[in-house]
Amino acid sequence: MMQELGRNILLSIDQVARLTGVKKSTLRYWEKTFQDFLCPNRTYSKRREYSIDEVNIIETIKKLIEEEHLTNMGVKLRLGEINGNGPSC
């Protein structure tokens, strides 16, 4: 039940930036670069709302870039492997 509740929580870009340590400008860039894997919902006023699954993807992208030193293409390939070669959006 708690896991199901957690899946319905949506976070703002400010909250995600504080939670993950990734700048808001970087999150916006990653949204464009990794659009097959990262696509936050938009409110009526065009604000981004990130799900817990998307926060996990952001943390994965951060790890792949910072710790494994992958390029954007490498990150896309690895995300495809993790998500079963299909986009999550």
# chains A, B, ... in the order shown; residues from 1 in each chain; ligands from 1

call {"tool": "select_by_dssp", "arguments": {"residues": "chain A", "states": "strand (DSSP E or B)", "output": "ChimeraX atom specification"}}
result
/A:10-11,41-42,48-51

call {"tool": "residues_around", "arguments": {"residues": "A:Arg28", "least_positions_apart": "6", "cutoff": "12 Å", "atoms": "only C-alpha atoms", "output": "PyMOL selection string"}}
result
chain A and resi 13-14+16-17+22+34-35+38-40+47-48+50+58

call {"tool": "select_by_dssp", "arguments": {"residues": "chain A", "states": "helix (DSSP H, G or I)", "output": "ChimeraX atom specification"}}
result
/A:2-7,13-20,24-33,52-66,72-82

call {"tool": "closest_residue", "arguments": {"among": "A:Glu54, A:Glu49, A:Glu67, A:Glu31", "to": "A:Ser12", "atoms": "only C-alpha atoms"}}
result
A:Glu49

call {"tool": "atom_distance", "arguments": {"atom1": "atom CA of A:Trp30", "atom2": "atom CA of A:Lys62"}}
result
9.9 Å

call {"tool": "closest_residue", "arguments": {"among": "A:Leu64, A:Leu19, A:Leu10, A:Gly74", "to": "A:Thr43", "atoms": "only C-alpha atoms"}}
result
A:Leu10

call {"tool": "closest_residue", "arguments": {"among": "A:Asn56, A:Asn41, A:Ser51, A:Thr33", "to": "A:Thr71", "atoms": "only C-alpha atoms"}}
result
A:Thr33

call {"tool": "decode", "arguments": {"residues": "stretch 7-33 of chain A", "atoms": "N, CA and C atoms", "output": "PDB file, in the first residue's frame"}}
result
ATOM      1  N   ARG A   7       4.137   5.911  -5.465  1.00  0.00           N
ATOM      2  CA  ARG A   7       4.146   6.009  -6.929  1.00  0.00           C
ATOM      3  C   ARG A   7       3.279   7.170  -7.412  1.00  0.00           C
ATOM      4  N   ASN A   8       2.325   7.598  -6.594  1.00  0.00           N
ATOM      5  CA  ASN A   8       1.416   8.671  -7.002  1.00  0.00           C
ATOM      6  C   ASN A   8       1.919  10.054  -6.626  1.00  0.00           C
ATOM      7  N   ILE A   9       3.018  10.131  -5.893  1.00  0.00           N
ATOM      8  CA  ILE A   9       3.568  11.419  -5.477  1.00  0.00           C
ATOM      9  C   ILE A   9       4.265  12.071  -6.667  1.00  0.00           C
ATOM     10  N   LEU A  10       3.988  13.347  -6.849  1.00  0.00           N
ATOM     11  CA  LEU A  10       4.635  14.121  -7.907  1.00  0.00           C
ATOM     12  C   LEU A  10       5.419  15.254  -7.258  1.00  0.00           C
ATOM     13  N   LEU A  11       6.635  15.468  -7.734  1.00  0.00           N
ATOM     14  CA  LEU A  11       7.525  16.472  -7.166  1.00  0.00           C
ATOM     15  C   LEU A  11       7.811  17.572  -8.179  1.00  0.00           C
ATOM     16  N   SER A  12       7.988  18.782  -7.685  1.00  0.00           N
ATOM     17  CA  SER A  12       8.338  19.911  -8.549  1.00  0.00           C
ATOM     18  C   SER A  12       9.816  19.823  -8.926  1.00  0.00           C
ATOM     19  N   ILE A  13      10.207  20.621  -9.894  1.00  0.00           N
ATOM     20  CA  ILE A  13      11.611  20.627 -10.309  1.00  0.00           C
ATOM     21  C   ILE A  13      12.508  21.114  -9.173  1.00  0.00           C
ATOM     22  N   ASP A  14      12.016  22.047  -8.345  1.00  0.00           N
ATOM     23  CA  ASP A  14      12.783  22.509  -7.186  1.00  0.00           C
ATOM     24  C   ASP A  14      13.022  21.368  -6.201  1.00  0.00           C
ATOM     25  N   GLN A  15      11.982  20.607  -5.926  1.00  0.00           N
ATOM     26  CA  GLN A  15      12.099  19.493  -4.992  1.00  0.00           C
ATOM     27  C   GLN A  15      13.066  18.432  -5.527  1.00  0.00           C
ATOM     28  N   VAL A  16      12.964  18.127  -6.813  1.00  0.00           N
ATOM     29  CA  VAL A  16      13.839  17.119  -7.417  1.00  0.00           C
ATOM     30  C   VAL A  16      15.288  17.599  -7.396  1.00  0.00           C
ATOM     31  N   ALA A  17      15.505  18.878  -7.680  1.00  0.00           N
ATOM     32  CA  ALA A  17      16.867  19.427  -7.661  1.00  0.00           C
ATOM     33  C   ALA A  17      17.473  19.308  -6.265  1.00  0.00           C
ATOM     34  N   ARG A  18      16.701  19.629  -5.240  1.00  0.00           N
ATOM     35  CA  ARG A  18      17.205  19.523  -3.868  1.00  0.00           C
ATOM     36  C   ARG A  18      17.438  18.063  -3.471  1.00  0.00           C
ATOM     37  N   LEU A  19      16.534  17.203  -3.878  1.00  0.00           N
ATOM     38  CA  LEU A  19      16.608  15.791  -3.512  1.00  0.00           C
ATOM     39  C   LEU A  19      17.795  15.080  -4.163  1.00  0.00           C
ATOM     40  N   THR A  20      18.053  15.392  -5.431  1.00  0.00           N
ATOM     41  CA  THR A  20      19.091  14.682  -6.188  1.00  0.00           C
ATOM     42  C   THR A  20      20.425  15.417  -6.243  1.00  0.00           C
ATOM     43  N   GLY A  21      20.427  16.710  -5.963  1.00  0.00           N
ATOM     44  CA  GLY A  21      21.657  17.489  -6.082  1.00  0.00           C
ATOM     45  C   GLY A  21      21.983  17.857  -7.524  1.00  0.00           C
ATOM     46  N   VAL A  22      20.994  17.766  -8.403  1.00  0.00           N
ATOM     47  CA  VAL A  22      21.173  18.121  -9.820  1.00  0.00           C
ATOM     48  C   VAL A  22      20.523  19.485 -10.044  1.00  0.00           C
ATOM     49  N   LYS A  23      21.242  20.409 -10.669  1.00  0.00           N
ATOM     50  CA  LYS A  23      20.714  21.748 -10.928  1.00  0.00           C
ATOM     51  C   LYS A  23      19.460  21.685 -11.798  1.00  0.00           C
ATOM     52  N   LYS A  24      18.589  22.672 -11.607  1.00  0.00           N
ATOM     53  CA  LYS A  24      17.357  22.730 -12.403  1.00  0.00           C
ATOM     54  C   LYS A  24      17.672  22.861 -13.893  1.00  0.00           C
ATOM     55  N   SER A  25      18.687  23.637 -14.238  1.00  0.00           N
ATOM     56  CA  SER A  25      19.047  23.795 -15.648  1.00  0.00           C
ATOM     57  C   SER A  25      19.515  22.466 -16.236  1.00  0.00           C
ATOM     58  N   THR A  26      20.211  21.676 -15.429  1.00  0.00           N
ATOM     59  CA  THR A  26      20.671  20.359 -15.881  1.00  0.00           C
ATOM     60  C   THR A  26      19.483  19.424 -16.061  1.00  0.00           C
ATOM     61  N   LEU A  27      18.515  19.479 -15.150  1.00  0.00           N
ATOM     62  CA  LEU A  27      17.314  18.653 -15.282  1.00  0.00           C
ATOM     63  C   LEU A  27      16.574  18.974 -16.578  1.00  0.00           C
ATOM     64  N   ARG A  28      16.475  20.265 -16.905  1.00  0.00           N
ATOM     65  CA  ARG A  28      15.805  20.664 -18.153  1.00  0.00           C
ATOM     66  C   ARG A  28      16.581  20.147 -19.371  1.00  0.00           C
ATOM     67  N   TYR A  29      17.906  20.244 -19.305  1.00  0.00           N
ATOM     68  CA  TYR A  29      18.749  19.740 -20.390  1.00  0.00           C
ATOM     69  C   TYR A  29      18.574  18.231 -20.544  1.00  0.00           C
ATOM     70  N   TRP A  30      18.605  17.494 -19.433  1.00  0.00           N
ATOM     71  CA  TRP A  30      18.442  16.043 -19.485  1.00  0.00           C
ATOM     72  C   TRP A  30      17.073  15.665 -20.021  1.00  0.00           C
ATOM     73  N   GLU A  31      16.065  16.465 -19.719  1.00  0.00           N
ATOM     74  CA  GLU A  31      14.718  16.181 -20.236  1.00  0.00           C
ATOM     75  C   GLU A  31      14.730  16.182 -21.768  1.00  0.00           C
ATOM     76  N   LYS A  32      15.488  17.096 -22.361  1.00  0.00           N
ATOM     77  CA  LYS A  32      15.586  17.152 -23.826  1.00  0.00           C
ATOM     78  C   LYS A  32      16.511  16.056 -24.363  1.00  0.00           C
ATOM     79  N   THR A  33      17.631  15.850 -23.694  1.00  0.00           N
ATOM     80  CA  THR A  33      18.639  14.903 -24.151  1.00  0.00           C
ATOM     81  C   THR A  33      18.170  13.456 -24.021  1.00  0.00           C
TER      82      THR A  33
END
